[in-house]
Each structure stands twice: as C-alpha cells, then as structure tokens.
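Structure file final.pdb; described as PDB, C-alpha atoms.
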```
ATOM      1  CA  MET A   6       0.000   0.000   0.000
ATOM      2  CA  PRO A   7       1.531   3.388  -0.997
ATOM      3  CA  LYS A   8       2.513   5.741   1.788
ATOM      4  CA  LEU A   9       0.356   8.874   2.119
ATOM      5  CA  ASN A  10       2.087  12.213   2.593
ATOM      6  CA  ASP A  11       0.769  15.358   4.248
ATOM      7  CA  SER A  12       0.634  17.027   0.837
ATOM      8  CA  ASP A  13      -2.031  14.544  -0.224
ATOM      9  CA  PHE A  14      -4.430  16.153   2.218
ATOM     10  CA  GLU A  15      -3.943  19.772   1.160
ATOM     11  CA  VAL A  16      -7.032  21.727   0.085
ATOM     12  CA  VAL A  17      -7.126  22.106  -3.655
ATOM     13  CA  GLY A  18      -7.684  25.726  -4.677
ATOM     14  CA  THR A  19     -10.228  26.878  -7.204
ATOM     15  CA  ARG A  20      -9.692  29.127 -10.163
ATOM     16  CA  SER A  21     -11.265  32.586 -10.106
ATOM     17  CA  ASP A  22     -13.672  31.688 -12.902
ATOM     18  CA  GLU A  23     -14.803  28.587 -10.997
ATOM     19  CA  THR A  24     -15.311  30.685  -7.860
ATOM     20  CA  GLU A  25     -17.499  33.090  -9.850
ATOM     21  CA  ILE A  26     -19.607  30.213 -11.181
ATOM     22  CA  LEU A  27     -20.060  28.737  -7.698
ATOM     23  CA  ALA A  28     -21.043  32.141  -6.295
ATOM     24  CA  LYS A  29     -23.551  32.643  -9.074
ATOM     25  CA  LYS A  30     -25.105  29.229  -8.470
ATOM     26  CA  SER A  31     -25.606  30.114  -4.802
ATOM     27  CA  ILE A  32     -27.973  32.970  -5.683
ATOM     28  CA  SER A  33     -31.583  32.070  -4.999
ATOM     29  CA  PHE A  34     -34.229  32.127  -7.713
ATOM     30  CA  TRP A  35     -35.878  35.267  -6.316
ATOM     31  CA  GLY A  36     -32.471  36.873  -5.876
ATOM     32  CA  GLU A  37     -31.793  36.338  -9.564
ATOM     33  CA  VAL A  38     -35.259  37.689 -10.394
ATOM     34  CA  SER A  39     -34.463  40.845  -8.415
ATOM     35  CA  ARG A  40     -31.185  41.299 -10.256
ATOM     36  CA  ARG A  41     -32.824  40.895 -13.645
ATOM     37  CA  PHE A  42     -35.624  43.291 -12.682
ATOM     38  CA  ILE A  43     -33.182  45.981 -11.540
ATOM     39  CA  ARG A  44     -31.254  45.667 -14.802
ATOM     40  CA  ASN A  45     -34.472  46.420 -16.719
ATOM     41  CA  LYS A  46     -34.260  50.209 -17.004
ATOM     42  CA  LEU A  47     -37.882  50.725 -18.044
ATOM     43  CA  ALA A  48     -39.163  48.607 -15.152
ATOM     44  CA  LEU A  49     -36.911  50.487 -12.749
ATOM     45  CA  VAL A  50     -38.194  53.838 -14.039
ATOM     46  CA  GLY A  51     -41.757  52.569 -13.564
ATOM     47  CA  PHE A  52     -40.986  51.467 -10.010
ATOM     48  CA  VAL A  53     -39.432  54.825  -9.101
ATOM     49  CA  THR A  54     -42.354  56.672 -10.720
ATOM     50  CA  LEU A  55     -44.898  54.665  -8.758
ATOM     51  CA  PHE A  56     -42.924  55.131  -5.535
ATOM     52  CA  LEU A  57     -42.877  58.909  -6.002
ATOM     53  CA  ILE A  58     -46.605  59.024  -6.778
ATOM     54  CA  ILE A  59     -47.443  57.018  -3.656
ATOM     55  CA  LEU A  60     -45.087  59.217  -1.649
ATOM     56  CA  GLY A  61     -46.863  62.298  -3.002
ATOM     57  CA  ALA A  62     -50.277  60.849  -2.198
ATOM     58  CA  ILE A  63     -49.213  60.336   1.411
ATOM     59  CA  PHE A  64     -47.359  63.582   2.108
ATOM     60  CA  ALA A  65     -48.314  66.217  -0.493
ATOM     61  CA  PRO A  66     -51.719  67.084   1.063
ATOM     62  CA  MET A  67     -49.906  67.630   4.371
ATOM     63  CA  ILE A  68     -47.631  70.321   2.960
ATOM     64  CA  SER A  69     -50.429  72.122   1.116
ATOM     65  CA  GLU A  70     -51.931  75.122   2.831
ATOM     66  CA  PHE A  71     -55.335  74.375   1.318
ATOM     67  CA  SER A  72     -57.937  71.706   1.971
ATOM     68  CA  TYR A  73     -59.210  69.628  -0.937
ATOM     69  CA  ARG A  74     -62.726  71.004  -0.336
ATOM     70  CA  GLN A  75     -61.761  74.579   0.532
ATOM     71  CA  GLN A  76     -63.244  77.215  -1.817
ATOM     72  CA  ASN A  77     -60.851  80.144  -1.889
ATOM     73  CA  GLY A  78     -62.712  82.552  -4.161
ATOM     74  CA  ASP A  79     -59.975  82.423  -6.829
ATOM     75  CA  TYR A  80     -61.852  80.808  -9.701
ATOM     76  CA  ASN A  81     -60.064  79.068 -12.592
ATOM     77  CA  VAL A  82     -56.679  80.570 -11.725
ATOM     78  CA  SER A  83     -53.819  79.189 -13.809
ATOM     79  CA  PRO A  84     -50.822  77.542 -12.072
ATOM     80  CA  ASN A  85     -48.734  80.024 -10.097
ATOM     81  CA  GLY A  86     -46.656  80.375  -6.946
ATOM     82  CA  THR A  87     -49.721  80.123  -4.683
ATOM     83  CA  TYR A  88     -51.744  77.521  -6.579
ATOM     84  CA  TRP A  89     -49.107  75.187  -8.054
ATOM     85  CA  PHE A  90     -51.618  73.338 -10.271
ATOM     86  CA  GLY A  91     -54.141  76.190 -10.500
ATOM     87  CA  THR A  92     -57.722  76.206  -9.222
ATOM     88  CA  ASP A  93     -61.062  74.930 -10.511
ATOM     89  CA  ASP A  94     -64.358  76.716 -11.116
ATOM     90  CA  LEU A  95     -65.147  76.625  -7.378
ATOM     91  CA  GLY A  96     -61.782  78.074  -6.385
ATOM     92  CA  ARG A  97     -60.452  74.792  -4.980
ATOM     93  CA  ASP A  98     -56.727  74.081  -5.113
ATOM     94  CA  ILE A  99     -56.075  71.468  -7.819
ATOM     95  CA  PHE A 100     -52.681  70.465  -6.368
ATOM     96  CA  THR A 101     -54.314  69.288  -3.155
ATOM     97  CA  ARG A 102     -57.201  67.651  -4.981
ATOM     98  CA  VAL A 103     -54.864  65.775  -7.342
ATOM     99  CA  TRP A 104     -53.034  64.154  -4.431
ATOM    100  CA  ILE A 105     -56.232  63.405  -2.527
ATOM    101  CA  GLY A 106     -57.485  61.924  -5.795
ATOM    102  CA  ALA A 107     -54.307  59.834  -5.943
ATOM    103  CA  ARG A 108     -55.169  58.311  -2.574
ATOM    104  CA  ILE A 109     -58.657  57.391  -3.728
ATOM    105  CA  SER A 110     -57.763  56.141  -7.216
ATOM    106  CA  ILE A 111     -54.796  54.066  -6.038
ATOM    107  CA  PHE A 112     -56.785  52.708  -3.082
ATOM    108  CA  ILE A 113     -59.568  51.612  -5.426
ATOM    109  CA  GLY A 114     -57.030  49.971  -7.738
ATOM    110  CA  PHE A 115     -55.290  48.065  -4.937
ATOM    111  CA  ALA A 116     -58.522  47.105  -3.168
ATOM    112  CA  ALA A 117     -60.104  45.735  -6.347
ATOM    113  CA  ALA A 118     -56.887  43.880  -7.228
ATOM    114  CA  ILE A 119     -56.615  42.310  -3.752
ATOM    115  CA  ILE A 120     -60.213  41.085  -3.915
ATOM    116  CA  ASP A 121     -59.532  39.715  -7.405
ATOM    117  CA  LEU A 122     -56.406  38.043  -6.032
ATOM    118  CA  ILE A 123     -58.180  36.338  -3.133
ATOM    119  CA  ILE A 124     -61.173  35.103  -5.122
ATOM    120  CA  GLY A 125     -59.269  34.306  -8.313
ATOM    121  CA  VAL A 126     -56.418  32.413  -6.664
ATOM    122  CA  ALA A 127     -58.779  30.345  -4.493
ATOM    123  CA  TRP A 128     -61.077  29.588  -7.435
ATOM    124  CA  GLY A 129     -58.288  28.725  -9.860
ATOM    125  CA  ALA A 130     -56.311  26.660  -7.351
ATOM    126  CA  ILE A 131     -59.302  24.524  -6.382
ATOM    127  CA  ALA A 132     -60.385  24.026  -9.996
ATOM    128  CA  GLY A 133     -56.891  23.133 -11.170
ATOM    129  CA  LEU A 134     -56.085  20.759  -8.315
ATOM    130  CA  LYS A 135     -59.419  18.958  -8.141
ATOM    131  CA  GLY A 136     -59.785  18.605 -11.917
ATOM    132  CA  GLY A 137     -62.505  16.484 -13.481
ATOM    133  CA  ARG A 138     -66.129  17.531 -13.065
ATOM    134  CA  THR A 139     -65.314  20.105 -10.389
ATOM    135  CA  ASP A 140     -62.919  21.868 -12.735
ATOM    136  CA  GLU A 141     -65.429  21.694 -15.583
ATOM    137  CA  ILE A 142     -68.253  23.263 -13.565
ATOM    138  CA  MET A 143     -66.105  25.978 -12.001
ATOM    139  CA  MET A 144     -64.568  27.059 -15.294
ATOM    140  CA  ARG A 145     -67.944  27.073 -17.078
ATOM    141  CA  ILE A 146     -69.135  29.529 -14.419
ATOM    142  CA  ALA A 147     -66.064  31.626 -15.142
ATOM    143  CA  ASP A 148     -66.813  31.440 -18.879
ATOM    144  CA  ILE A 149     -70.349  32.707 -18.295
ATOM    145  CA  LEU A 150     -69.069  35.665 -16.296
ATOM    146  CA  THR A 151     -66.498  36.401 -18.986
ATOM    147  CA  ALA A 152     -69.209  36.437 -21.663
ATOM    148  CA  ILE A 153     -71.029  39.271 -19.875
ATOM    149  CA  PRO A 154     -69.651  42.701 -20.924
ATOM    150  CA  TYR A 155     -67.505  43.847 -18.007
ATOM    151  CA  LEU A 156     -68.251  47.567 -18.191
ATOM    152  CA  LEU A 157     -71.961  46.942 -18.607
ATOM    153  CA  VAL A 158     -72.053  44.912 -15.395
ATOM    154  CA  VAL A 159     -70.087  47.560 -13.507
ATOM    155  CA  ILE A 160     -72.280  50.408 -14.754
ATOM    156  CA  ILE A 161     -75.508  48.580 -13.892
ATOM    157  CA  LEU A 162     -74.259  47.787 -10.390
ATOM    158  CA  LEU A 163     -73.207  51.370  -9.761
ATOM    159  CA  VAL A 164     -76.579  52.631 -10.950
ATOM    160  CA  VAL A 165     -78.353  50.164  -8.641
ATOM    161  CA  MET A 166     -76.106  50.686  -5.602
ATOM    162  CA  GLN A 167     -75.512  54.431  -6.142
ATOM    163  CA  PRO A 168     -71.990  55.716  -6.883
ATOM    164  CA  GLY A 169     -69.509  55.601  -4.011
ATOM    165  CA  LEU A 170     -66.147  54.229  -2.914
ATOM    166  CA  ILE A 171     -67.303  50.816  -1.653
ATOM    167  CA  PRO A 172     -69.839  50.233  -4.478
ATOM    168  CA  MET A 173     -67.069  51.068  -6.968
ATOM    169  CA  ILE A 174     -64.723  48.463  -5.472
ATOM    170  CA  ILE A 175     -67.479  45.826  -5.352
ATOM    171  CA  ALA A 176     -68.501  46.518  -8.934
ATOM    172  CA  LEU A 177     -64.918  46.307 -10.211
ATOM    173  CA  SER A 178     -64.349  43.025  -8.378
ATOM    174  CA  LEU A 179     -67.546  41.240  -9.367
ATOM    175  CA  THR A 180     -66.128  39.708 -12.542
ATOM    176  CA  GLY A 181     -62.567  41.061 -12.412
ATOM    177  CA  TRP A 182     -61.278  37.962 -10.598
ATOM    178  CA  VAL A 183     -61.918  35.642 -13.561
ATOM    179  CA  ASN A 184     -58.622  36.376 -15.313
ATOM    180  CA  MET A 185     -56.697  35.731 -12.092
ATOM    181  CA  ALA A 186     -58.574  32.437 -11.704
ATOM    182  CA  ARG A 187     -57.613  31.359 -15.226
ATOM    183  CA  ILE A 188     -53.935  32.204 -14.707
ATOM    184  CA  THR A 189     -53.829  30.397 -11.359
ATOM    185  CA  ARG A 190     -55.584  27.325 -12.729
ATOM    186  CA  SER A 191     -53.158  27.156 -15.649
ATOM    187  CA  GLU A 192     -50.169  27.267 -13.286
ATOM    188  CA  ILE A 193     -51.655  24.656 -10.938
ATOM    189  CA  LEU A 194     -52.327  22.294 -13.851
ATOM    190  CA  LYS A 195     -48.645  22.517 -14.835
ATOM    191  CA  LEU A 196     -47.405  21.988 -11.292
ATOM    192  CA  LYS A 197     -49.707  19.394  -9.746
ATOM    193  CA  ASN A 198     -48.087  16.440 -11.521
ATOM    194  CA  GLN A 199     -44.544  17.422 -10.561
ATOM    195  CA  GLU A 200     -42.634  14.823  -8.569
ATOM    196  CA  TYR A 201     -42.440  16.846  -5.358
ATOM    197  CA  VAL A 202     -46.220  17.352  -5.375
ATOM    198  CA  LEU A 203     -46.897  13.662  -6.034
ATOM    199  CA  ALA A 204     -44.444  12.730  -3.275
ATOM    200  CA  ALA A 205     -46.206  15.045  -0.817
ATOM    201  CA  ARG A 206     -49.573  13.563  -1.772
ATOM    202  CA  THR A 207     -48.191  10.036  -1.299
ATOM    203  CA  LEU A 208     -47.090  11.019   2.211
ATOM    204  CA  GLY A 209     -50.656  12.005   3.016
ATOM    205  CA  ALA A 210     -50.637  15.751   2.383
ATOM    206  CA  LYS A 211     -54.123  17.239   2.097
ATOM    207  CA  ASN A 212     -55.222  19.460  -0.758
ATOM    208  CA  LEU A 213     -55.035  22.626   1.334
ATOM    209  CA  HIS A 214     -51.473  21.783   2.377
ATOM    210  CA  LEU A 215     -50.491  21.078  -1.231
ATOM    211  CA  ILE A 216     -51.911  24.404  -2.388
ATOM    212  CA  ARG A 217     -50.413  26.426   0.445
ATOM    213  CA  ARG A 218     -46.944  24.843   0.679
ATOM    214  CA  HIS A 219     -46.152  23.479  -2.773
ATOM    215  CA  LEU A 220     -48.352  24.887  -5.535
ATOM    216  CA  LEU A 221     -49.000  28.568  -4.839
ATOM    217  CA  PRO A 222     -45.374  29.407  -3.929
ATOM    218  CA  ASN A 223     -44.272  28.058  -7.314
ATOM    219  CA  ALA A 224     -47.107  29.848  -9.119
ATOM    220  CA  LEU A 225     -46.354  33.129  -7.346
ATOM    221  CA  GLY A 226     -44.475  34.636 -10.281
ATOM    222  CA  ALA A 227     -47.404  34.479 -12.709
ATOM    223  CA  ILE A 228     -49.783  35.652  -9.971
ATOM    224  CA  LEU A 229     -47.631  38.708  -9.192
ATOM    225  CA  VAL A 230     -47.364  39.677 -12.860
ATOM    226  CA  THR A 231     -51.133  39.369 -13.285
ATOM    227  CA  MET A 232     -51.761  41.484 -10.202
ATOM    228  CA  THR A 233     -49.437  44.280 -11.328
ATOM    229  CA  LEU A 234     -51.450  44.473 -14.549
ATOM    230  CA  THR A 235     -54.808  44.232 -12.743
ATOM    231  CA  ILE A 236     -54.214  47.348 -10.616
ATOM    232  CA  PRO A 237     -53.781  49.817 -13.529
ATOM    233  CA  ASN A 238     -56.793  48.294 -15.266
ATOM    234  CA  ALA A 239     -58.899  48.983 -12.165
ATOM    235  CA  ILE A 240     -57.525  52.537 -11.906
ATOM    236  CA  PHE A 241     -58.314  53.233 -15.556
ATOM    237  CA  THR A 242     -61.799  51.734 -15.266
ATOM    238  CA  GLU A 243     -62.490  53.840 -12.168
ATOM    239  CA  ALA A 244     -61.315  56.942 -14.027
ATOM    240  CA  PHE A 245     -63.527  56.111 -16.997
ATOM    241  CA  LEU A 246     -66.577  55.495 -14.816
ATOM    242  CA  SER A 247     -65.915  58.665 -12.844
ATOM    243  CA  TYR A 248     -65.641  60.517 -16.135
ATOM    244  CA  LEU A 249     -69.148  59.247 -16.894
ATOM    245  CA  GLY A 250     -70.359  60.631 -13.571
ATOM    246  CA  LEU A 251     -70.428  57.289 -11.740
ATOM    247  CA  GLY A 252     -67.421  57.942  -9.508
ATOM    248  CA  VAL A 253     -67.055  58.898  -5.879
ATOM    249  CA  PRO A 254     -69.491  61.619  -4.746
ATOM    250  CA  ALA A 255     -68.461  65.242  -4.160
ATOM    251  CA  PRO A 256     -66.637  66.765  -2.404
ATOM    252  CA  LEU A 257     -64.291  63.747  -2.620
ATOM    253  CA  ALA A 258     -62.097  63.712  -5.679
ATOM    254  CA  SER A 259     -60.575  60.912  -7.693
ATOM    255  CA  TRP A 260     -58.545  61.485 -10.834
ATOM    256  CA  GLY A 261     -61.554  60.406 -12.875
ATOM    257  CA  THR A 262     -63.968  62.856 -11.246
ATOM    258  CA  MET A 263     -61.427  65.651 -11.699
ATOM    259  CA  ALA A 264     -61.096  64.786 -15.390
ATOM    260  CA  ASN A 265     -64.889  64.818 -15.656
ATOM    261  CA  ASP A 266     -65.006  68.267 -14.066
ATOM    262  CA  GLY A 267     -62.106  69.600 -16.130
ATOM    263  CA  TYR A 268     -63.124  68.471 -19.601
ATOM    264  CA  PRO A 269     -65.835  71.131 -20.160
ATOM    265  CA  ALA A 270     -63.250  73.816 -19.294
ATOM    266  CA  LEU A 271     -60.570  72.422 -21.633
ATOM    267  CA  ALA A 272     -60.523  75.503 -23.853
ATOM    268  CA  ASN A 273     -60.309  78.098 -21.075
ATOM    269  CA  ALA A 274     -58.662  76.203 -18.185
ATOM    270  CA  PRO A 275     -56.757  73.223 -19.666
ATOM    271  CA  TRP A 276     -54.790  72.633 -16.457
ATOM    272  CA  ARG A 277     -57.945  71.294 -14.823
ATOM    273  CA  LEU A 278     -57.883  68.285 -17.170
ATOM    274  CA  PHE A 279     -54.134  68.127 -17.762
ATOM    275  CA  PHE A 280     -52.984  67.281 -14.236
ATOM    276  CA  PRO A 281     -55.410  64.419 -13.422
ATOM    277  CA  ALA A 282     -54.901  62.978 -16.916
ATOM    278  CA  LEU A 283     -51.127  63.217 -16.474
ATOM    279  CA  PHE A 284     -51.133  61.277 -13.212
ATOM    280  CA  ILE A 285     -53.520  58.650 -14.555
ATOM    281  CA  SER A 286     -51.124  58.116 -17.469
ATOM    282  CA  LEU A 287     -48.018  58.052 -15.276
ATOM    283  CA  THR A 288     -49.543  55.535 -12.861
ATOM    284  CA  ILE A 289     -50.707  53.202 -15.611
ATOM    285  CA  PHE A 290     -47.287  53.492 -17.280
ATOM    286  CA  ALA A 291     -45.570  52.679 -13.979
ATOM    287  CA  PHE A 292     -47.635  49.574 -13.240
ATOM    288  CA  ASN A 293     -47.397  48.269 -16.800
ATOM    289  CA  SER A 294     -43.626  48.786 -16.805
ATOM    290  CA  ILE A 295     -43.309  46.943 -13.496
ATOM    291  CA  GLY A 296     -45.493  44.116 -14.807
ATOM    292  CA  ASP A 297     -43.463  43.791 -18.007
ATOM    293  CA  GLY A 298     -40.249  43.885 -15.978
ATOM    294  CA  LEU A 299     -41.476  41.120 -13.692
ATOM    295  CA  ARG A 300     -42.543  39.035 -16.677
ATOM    296  CA  ASP A 301     -39.075  39.336 -18.215
ATOM    297  CA  ALA A 302     -37.345  38.678 -14.886
ATOM    298  CA  LEU A 303     -39.462  35.581 -14.310
ATOM    299  CA  ASP A 304     -38.361  33.971 -17.580
ATOM    300  CA  PRO A 305     -38.993  30.209 -17.271
ATOM    301  CA  LYS A 306     -35.365  29.555 -18.228
ATOM    302  CA  LEU A 307     -34.408  30.742 -14.753
ATOM    303  CA  ARG A 308     -36.152  27.755 -13.219
ATOM    304  CA  LYS A 309     -33.946  25.244 -14.975
TER     305      LYS A 309
END
```
Please express what this file holds, its structure, as structure tokens.
Amino acid sequence: MPKLNDSDFEVVGTRSDETEILAKKSISFWGEVSRRFIRNKLALVGFVTLFLIILGAIFAPMISEFSYRQQNGDYNVSPNGTYWFGTDDLGRDIFTRVWIGARISIFIGFAAAIIDLIIGVAWGAIAGLKGGRTDEIMMRIADILTAIPYLLVVIILLVVMQPGLIPMIIALSLTGWVNMARITRSEILKLKNQEYVLAARTLGAKNLHLIRRHLLPNALGAILVTMTLTIPNAIFTEAFLSYLGLGVPAPLASWGTMANDGYPALANAPWRLFFPALFISLTIFAFNSIGDGLRDALDPKLRK
C-alpha cells in the first residue's frame, strides 16, 4: 500500500472563474429575479415613478396650505406660486385635490386587485387541483361571467347601488377575478403532476397543504405579474366610470372625477384636465412597466 504524505491532504484551490460560477449558483431564484428586474431600465423607471406618486399621495396634502374642499374665491386661476396646479371653477386648489385623488384612485385599484387576487387564486387553485367535473363546472361559471360585458355589469351595479367608494370596489371586483382564476388554474395544472407534489400527496398531504406549501409558492411569479397588470386596469376603469359621472361623490375627488369636471373647461382652463390625466397616465405606465419587468425577470429559463 503506498505511503500517504501530508501534501495529499492539502485543500485544492479553485480558479477565479470557478469561484465566480459557484457564487452565481448560490444565488436564490428570487435573488436572480431581483437582479434581472433591476437591470431592466424601463421597469426600474416605472418602479421609481410609482414610488414617487405614492409618496406624493401620502405627504403632499400635508404640505399644502389648502384643503381639498376649501373654496378660496380664486376661480379658474392658472398655475402660479400660490396655486401650483391652478384652481377649478369653485376656487379649490387642484394640487391638493390631485393628491387626494391619488389616494382614492390608487386605493380603489389596490382594493379591487386584492379582492380579485383572493377570489381568483382560491377559485383557480381549487379548480386546477381537483380537476374532473369540479374543474369543468367551475370554469364554465367563469366562462359565463367572462361572456357578460364587463363595463356593462359595472355600470348597472353602480346605478343600482348608487356611486360611491365601496360600491365602486365591489362593482370592479364582481367579474374582475376571472382572469386571475384562469392564470392560477393554468399554473396549478402545470405543477400538480410534478414529482415533489406527487411525493407530498403520497405522504398524506391534504389538498389545502399542497396548495399552500407546494403549488402557490411556485405559481407566485405568474400571480404577481397578473396582479401588477390588474391594478392599472382597475384605476383606468375607475377613471372612466368617474368621467361618466359614476365615480365617488363630491366633495371627494378621484382622478376620474377631476377629469370629468375639467373636460368642459378644456378651452379656457386646460390645467384642470391636464394634471389628473397626467397622473392617470403616469400611474398606468408605472404599473405596466413593473409588470413587463417582472414578466421578463421571471423567464422560465431561470427555473432550470
């Protein structure tokens, strides 16, 4: 038997390129997603834009010397050092009303999206996991809801319930969850026959445990992307309905109600329409950019 020397037990070094590969492999999936998202300049601009808008919605009304309902007697004054965004036909400060409107419009968008998330994920997960007749019945119900014109349903509900913040959220959520349900079901169908899911089922895992611990975490990427695109859709729909006069009641202001009030004065006081329309556009741009960035960052190749 050959004699072993101390040199035989020395640690073998690694080349710098090998060290870099090992370090890269140690990055988690979501860590790599974050890196890819940050490298997407458009998505990063959208994220910063949204952050600044939310920051403004929280703090801007606090630094304004005017209340959103205060009538100052300065009617249709153009933007100046006192009224940064001008005033409306009642002498109210548009700067303050824009940021109060941001709170309402963004709250409606998030609230409707969260309700869509809860209902849609539960519906899609159950349908996808159970399969068979249960899946068939649940998705036929979703098909029926999809066949009904979305805006028509929302308008009818708002007419019946009377316009307001809560009725608006309920109306937007009534059929808005269907798309989330379809996305979730599609992901669950792809995942439920994976080996780790079958192994967990063999060990006696119940359906709720499978959904909560194994299926939804792996479907989270598609769910997040869908949600980031659901929020701007809800904000735009609220703005459109408010433009039709079905928004939140006065003296509250959303961006849609401000656009509705400002449109008749477009020729003489264009700032009244410009500022709410600008922030609607910026917010939708921000969410869509974030959604596209997440979709690119969550490329399926990363999972291999």
How would you write as a ChimeraX atom specification the residues that get within 12 Å of (-60.7, 49.7, -15.6) in the file's frame, counting only C-alpha atoms? /A:110,113-114,117-118,155-157,159-160,173-174,176-178,180-181,234-248,261,285,289
Next, dump the selected residues to file, keeping only C-alpha atoms, as an mmCIF file, keeping the file's coordinate frame.
```cif
data_model
loop_
_atom_site.group_PDB
_atom_site.id
_atom_site.type_symbol
_atom_site.label_atom_id
_atom_site.label_comp_id
_atom_site.auth_asym_id
_atom_site.auth_seq_id
_atom_site.Cartn_x
_atom_site.Cartn_y
_atom_site.Cartn_z
ATOM 1 C CA SER A 110 -57.763 56.141 -7.216
ATOM 2 C CA ILE A 113 -59.568 51.612 -5.426
ATOM 3 C CA GLY A 114 -57.030 49.971 -7.738
ATOM 4 C CA ALA A 117 -60.104 45.735 -6.347
ATOM 5 C CA ALA A 118 -56.887 43.880 -7.228
ATOM 6 C CA TYR A 155 -67.505 43.847 -18.007
ATOM 7 C CA LEU A 156 -68.251 47.567 -18.191
ATOM 8 C CA LEU A 157 -71.961 46.942 -18.607
ATOM 9 C CA VAL A 159 -70.087 47.560 -13.507
ATOM 10 C CA ILE A 160 -72.280 50.408 -14.754
ATOM 11 C CA MET A 173 -67.069 51.068 -6.968
ATOM 12 C CA ILE A 174 -64.723 48.463 -5.472
ATOM 13 C CA ALA A 176 -68.501 46.518 -8.934
ATOM 14 C CA LEU A 177 -64.918 46.307 -10.211
ATOM 15 C CA SER A 178 -64.349 43.025 -8.378
ATOM 16 C CA THR A 180 -66.128 39.708 -12.542
ATOM 17 C CA GLY A 181 -62.567 41.061 -12.412
ATOM 18 C CA LEU A 234 -51.450 44.473 -14.549
ATOM 19 C CA THR A 235 -54.808 44.232 -12.743
ATOM 20 C CA ILE A 236 -54.214 47.348 -10.616
ATOM 21 C CA PRO A 237 -53.781 49.817 -13.529
ATOM 22 C CA ASN A 238 -56.793 48.294 -15.266
ATOM 23 C CA ALA A 239 -58.899 48.983 -12.165
ATOM 24 C CA ILE A 240 -57.525 52.537 -11.906
ATOM 25 C CA PHE A 241 -58.314 53.233 -15.556
ATOM 26 C CA THR A 242 -61.799 51.734 -15.266
ATOM 27 C CA GLU A 243 -62.490 53.840 -12.168
ATOM 28 C CA ALA A 244 -61.315 56.942 -14.027
ATOM 29 C CA PHE A 245 -63.527 56.111 -16.997
ATOM 30 C CA LEU A 246 -66.577 55.495 -14.816
ATOM 31 C CA SER A 247 -65.915 58.665 -12.844
ATOM 32 C CA TYR A 248 -65.641 60.517 -16.135
ATOM 33 C CA GLY A 261 -61.554 60.406 -12.875
ATOM 34 C CA ILE A 285 -53.520 58.650 -14.555
ATOM 35 C CA ILE A 289 -50.707 53.202 -15.611
#
```
Distance CA of Leu55 (chain A)-CA of Gly298 (chain A), one decimal place?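 Between CA of Leu55 (chain A) and CA of Gly298 (chain A) the gap works out to 13.8 Å.
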Distance CA of Pro256 (chain A)-CA of Val158 (chain A), one decimal place?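 Straight-line distance from CA of Pro256 (chain A) to CA of Val158 (chain A) works out to 26.0 Å.
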Between CA of Arg277 (chain A) and CA of Thr92 (chain A) lies a distance of 7.5 Å
Output the residue selection produced by the PyMOL selection byres ((chain A and resi 121) around 8) on the file above, formatted as a compact mmCIF listing (two decimals) with C-alpha atoms, in the coordinates of the input.
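Full text of part-v1.txt as output:
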```
# COMPACT_ATOMS: atom_id res chain seq x y z
CA ALA A 117 -60.10 45.74 -6.35
CA ALA A 118 -56.89 43.88 -7.23
CA ILE A 119 -56.62 42.31 -3.75
CA ILE A 120 -60.21 41.08 -3.92
CA LEU A 122 -56.41 38.04 -6.03
CA ILE A 123 -58.18 36.34 -3.13
CA ILE A 124 -61.17 35.10 -5.12
CA GLY A 125 -59.27 34.31 -8.31
CA VAL A 126 -56.42 32.41 -6.66
CA SER A 178 -64.35 43.02 -8.38
CA GLY A 181 -62.57 41.06 -12.41
CA TRP A 182 -61.28 37.96 -10.60
CA VAL A 183 -61.92 35.64 -13.56
CA MET A 185 -56.70 35.73 -12.09
```
Using all atoms listed in the file, which of A:Thr233, A:Ala107, A:Ile171, A:Ser83 sits nearest Gly296 (chain A)?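 Of A:Thr233, A:Ala107, A:Ile171, A:Ser83, the one nearest Gly296 (chain A) is A:Thr233, counting all atoms listed in the file.
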Could you spell out the hits of the PyMOL selection byres ((chain A and resi 90) around 6) on the shown file, as a short mmCIF file (atom, residue, chain, number, x, y, z; two decimals) with C-alpha atoms, keeping the file's coordinate frame?
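That gives us result.cif:
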```cif
data_model
loop_
_atom_site.label_atom_id
_atom_site.label_comp_id
_atom_site.auth_asym_id
_atom_site.auth_seq_id
_atom_site.Cartn_x
_atom_site.Cartn_y
_atom_site.Cartn_z
CA PRO A 84 -50.82 77.54 -12.07
CA TYR A 88 -51.74 77.52 -6.58
CA TRP A 89 -49.11 75.19 -8.05
CA GLY A 91 -54.14 76.19 -10.50
CA ILE A 99 -56.08 71.47 -7.82
CA PHE A 100 -52.68 70.46 -6.37
#
```
Could you list, as a ChimeraX atom specification, every residue within 10 Å of Pro172 (chain A), counting only C-alpha atoms and ignoring same-chain residues fewer than 5 positions away? /A:159,162-167,177-178,252-253
Just so the selection is clear, what residues does the PyMOL selection byres ((chain A and resi 206-217) around 10) cover here, as a count of residues only? 20
Got a sec: who's within 7 Å of Ala264 (chain A), counting all atoms listed in the file, leaving out chain neighbours fewer than 3 positions off, as a PyMOL selection string? chain A and resi 248+260-261+267-268+278+281-282
Which residue is closest to Tyr80 (chain A)? Choose from A:Leu95, A:Val50, A:Leu194, A:Ile295 and count all atoms listed in the file. A:Leu95
So, counting only C-alpha atoms, which residue among A:Ile149, A:Ile111, A:Leu299, A:Leu257 is closest to Ser39 (chain A)? A:Leu299
Edge lengths and centre, in Å to one decimal, as lines of an AutoDock Vina configuration file: that's what I need for the box along x, y and z that holds all listed atoms of region 176-184 of chain A plus 5 Å on each side.
```
center_x = -63.6
center_y = 41.1
center_z = -11.8
size_x = 19.9
size_y = 20.9
size_z = 16.9
```
Hey, which of A:Ile59, A:Leu303, A:Ala65, A:Val82 ends up closest to Asn273 (chain A)? Count all atoms listed in the file.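 Nearest candidate to Asn273 (chain A) out of A:Ile59, A:Leu303, A:Ala65, A:Val82: A:Val82.
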Using all atoms listed in the file: which of A:Gln199, A:Ala291, A:Ala302, A:Leu283 has the shortest distance to Phe52 (chain A):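 Nearest to Phe52 (chain A): A:Ala291.
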Can you work out which one of A:Ile175, A:Ile188, A:Leu49, A:Ile105 has the shortest atom-to-atom distance to Met67 (chain A), counting all atoms listed in the file? A:Ile105
Find the residues near region 77-79 of chain A: any atom within 9 Å, counting only C-alpha atoms, skip ones fewer than 4 places away on the same chain, and give them as a list in words. Phe71, Thr92, Asp93, Asp94, Leu95, Gly96, Arg97 and Asp98 of chain A
Do you know which residues lie at most 12 Å from (-36.0, 39.5, -9.4), with coordinates as in the file and all atoms listed in the file counted, and could you write them as JSON, numbers by chain? {"A": [32, 33, 34, 35, 36, 37, 38, 39, 40, 41, 42, 43, 44, 45, 48, 49, 226, 229, 230, 295, 296, 298, 299, 300, 301, 302, 303, 304, 307]}
